[in-house]
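Engineer: For reference, the structure I am asking about is given below.
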Amino acid sequence: MLSGVLTVLFLSFSVFGLPGYRLKIPNGINVPNPCTNVFGLWNGVGHNIANGGGSLNPFGQDFMDANYTWTQELCGKDSDSDGKINGLELGDFNCSWFEGQPPMGDPTGHPGICEPMDDPKCLKINEAVTCL
């Protein structure tokens, strides 16, 4: 019985990521899915799979390196090398957001997936991204 419960908990975290992390970044619960012809949100913001799990994307790695804290350095970084800083993509255009505060603006993109995804400069960067 206990092993069944642990398996369900493990699968829940694998499929849906750790939702608490999404609250540690501005608009973390509203990050748009950058995949072509796929609508909705990218719930596993720091992962290469929309629902979380699997490998970290560049933003996920940078967020982990920042001890899972939204900092001015993380905000000002362009994790996915698409020419837009993480703060701009997450609606914190002046890097002043802090946990628990409403975001200043709406998200304009995904901080860990180079966009537009079909741009030649993004193809190699996004090799590990899974669009479903």
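Lettering and numbering for the structure tokens are positional, with chains as A, B, ... in the shown order, residues counted from 1 in each chain, and ligands counted from 1 in the shown order.
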Taking only C-alpha atoms into account, produce a table as CSV in which each residue of segment 39-76 of chain A with an atom at most 8 Å from an atom of segment 98-119 of chain A appears once, together with its shortest atom pair and the distance in Å to one decimal, ordered by chain and rising number.

Structural biologist:
```
residue,atom,partner,partner_atom,distance
A:Val45,CA,A:Gly112,CA,7.2
A:Gly46,CA,A:Gly112,CA,6.6
A:His47,CA,A:Gly112,CA,7.8
A:Asn48,CA,A:Ile113,CA,7.9
A:Asn57,CA,A:Gly112,CA,5.5
A:Pro58,CA,A:Gly112,CA,5.3
A:Phe59,CA,A:Gly112,CA,4.3
A:Gly60,CA,A:Gly112,CA,6.9
A:Trp70,CA,A:Phe98,CA,7.1
```

Engineer: How about saving the chosen residues, N, CA and C atoms kept, as a PDB file, in the first residue's frame?

Structural biologist:
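And here's again.pdb as it stands now:
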```pdb
ATOM      1  N   VAL A  45       7.754  25.192 -16.283  1.00  0.00           N
ATOM      2  CA  VAL A  45       8.515  26.311 -16.856  1.00  0.00           C
ATOM      3  C   VAL A  45      10.004  26.022 -16.977  1.00  0.00           C
ATOM      4  N   GLY A  46      10.584  25.341 -16.022  1.00  0.00           N
ATOM      5  CA  GLY A  46      12.016  25.069 -16.050  1.00  0.00           C
ATOM      6  C   GLY A  46      12.408  23.799 -16.786  1.00  0.00           C
ATOM      7  N   HIS A  47      11.447  23.168 -17.443  1.00  0.00           N
ATOM      8  CA  HIS A  47      11.699  21.886 -18.103  1.00  0.00           C
ATOM      9  C   HIS A  47      11.446  21.951 -19.604  1.00  0.00           C
ATOM     10  N   ASN A  48      11.983  20.971 -20.308  1.00  0.00           N
ATOM     11  CA  ASN A  48      11.801  20.876 -21.755  1.00  0.00           C
ATOM     12  C   ASN A  48      10.502  20.189 -22.155  1.00  0.00           C
ATOM     13  N   ASN A  57      15.417  22.996 -18.976  1.00  0.00           N
ATOM     14  CA  ASN A  57      15.762  23.886 -20.081  1.00  0.00           C
ATOM     15  C   ASN A  57      16.751  24.920 -19.534  1.00  0.00           C
ATOM     16  N   PRO A  58      17.289  25.804 -20.374  1.00  0.00           N
ATOM     17  CA  PRO A  58      18.285  26.769 -19.883  1.00  0.00           C
ATOM     18  C   PRO A  58      17.780  27.644 -18.724  1.00  0.00           C
ATOM     19  N   PHE A  59      16.510  28.040 -18.760  1.00  0.00           N
ATOM     20  CA  PHE A  59      15.966  28.834 -17.652  1.00  0.00           C
ATOM     21  C   PHE A  59      15.911  27.997 -16.380  1.00  0.00           C
ATOM     22  N   GLY A  60      15.490  26.748 -16.488  1.00  0.00           N
ATOM     23  CA  GLY A  60      15.441  25.874 -15.323  1.00  0.00           C
ATOM     24  C   GLY A  60      16.806  25.713 -14.683  1.00  0.00           C
ATOM     25  N   TRP A  70      14.064  34.270  -7.536  1.00  0.00           N
ATOM     26  CA  TRP A  70      14.024  35.291  -8.581  1.00  0.00           C
ATOM     27  C   TRP A  70      14.921  36.438  -8.144  1.00  0.00           C
TER      28      TRP A  70
END
```

Engineer: If you run DSSP on the backbone here, which positions in segment 12-126 of chain A get strand (DSSP E or B)? Please write them as a list in words.

Structural biologist: Pro32, Leu41, His47, Ile49 and Leu56 of chain A

Engineer: Since we have the selection now, will you write its residues out, keeping N, CA, C and O atoms, as a CSV table (one decimal), in the first residue's frame?

Structural biologist:
```
chain,number,residue,atom,x,y,z
A,32,PRO,N,3.1,31.1,-21.4
A,32,PRO,CA,2.4,30.5,-22.6
A,32,PRO,C,3.3,29.4,-23.2
A,32,PRO,O,4.5,29.4,-23.1
A,41,LEU,N,-0.9,26.6,-21.5
A,41,LEU,CA,0.2,27.1,-20.7
A,41,LEU,C,1.3,26.0,-20.6
A,41,LEU,O,1.1,24.8,-20.8
A,47,HIS,N,11.4,23.2,-17.4
A,47,HIS,CA,11.7,21.9,-18.1
A,47,HIS,C,11.4,22.0,-19.6
A,47,HIS,O,10.8,22.8,-20.1
A,49,ILE,N,9.7,19.8,-21.2
A,49,ILE,CA,8.4,19.1,-21.4
A,49,ILE,C,7.4,20.0,-20.7
A,49,ILE,O,7.6,20.4,-19.6
A,56,LEU,N,16.1,19.8,-17.6
A,56,LEU,CA,15.9,21.2,-17.4
A,56,LEU,C,16.2,22.0,-18.7
A,56,LEU,O,17.1,21.6,-19.4
```

Engineer: Contacts of Cys131 of chain A at 8 Å or less, counting only C-alpha atoms, minus same-chain residues fewer than 5 places along, as a count of residues only?

Structural biologist: 4

Engineer: Determine which residues of chain A receive a DSSP assignment of alpha helix (DSSP H), computed from the backbone, and state them as a count of residues only.

Structural biologist: 42

Engineer: Tell me which of A:Ser55, A:Thr69, A:Asn94, A:Thr36 sits closest to Tyr21 of chain A, counting only C-alpha atoms.

Structural biologist: A:Thr69

Engineer: Could you please determine the separation between atom CA of Asn37 of chain A and atom CA of Leu74 of chain A in Å, to one decimal place?

Structural biologist: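 Separation of atom CA of Asn37 of chain A and atom CA of Leu74 of chain A: 29.2 Å.
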
Engineer: Arg22 of chain A: which residues within 8 Å, counting only C-alpha atoms, same-chain residues fewer than 5 positions away excluded, as a VMD selection string?

Structural biologist: chain A and resid 27 to 29 43 45

Engineer: What is the atom CA of Leu123 of chain A-atom CA of Asp80 of chain A distance in Å, reported with one decimal?

Structural biologist: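 Atom-to-atom, atom CA of Leu123 of chain A to atom CA of Asp80 of chain A, that is 11.4 Å.
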
Engineer: How many Å separate atom CA of Asn86 of chain A from atom CA of Ile125 of chain A?

Structural biologist: 15.7 Å

Engineer: Of the candidates A:Gln61, A:Leu23, A:Leu132, A:Ile85, which one gets nearest to Gly40 of chain A if we count only C-alpha atoms?

Structural biologist: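 Nearest candidate to Gly40 of chain A out of A:Gln61, A:Leu23, A:Leu132, A:Ile85: A:Leu132.
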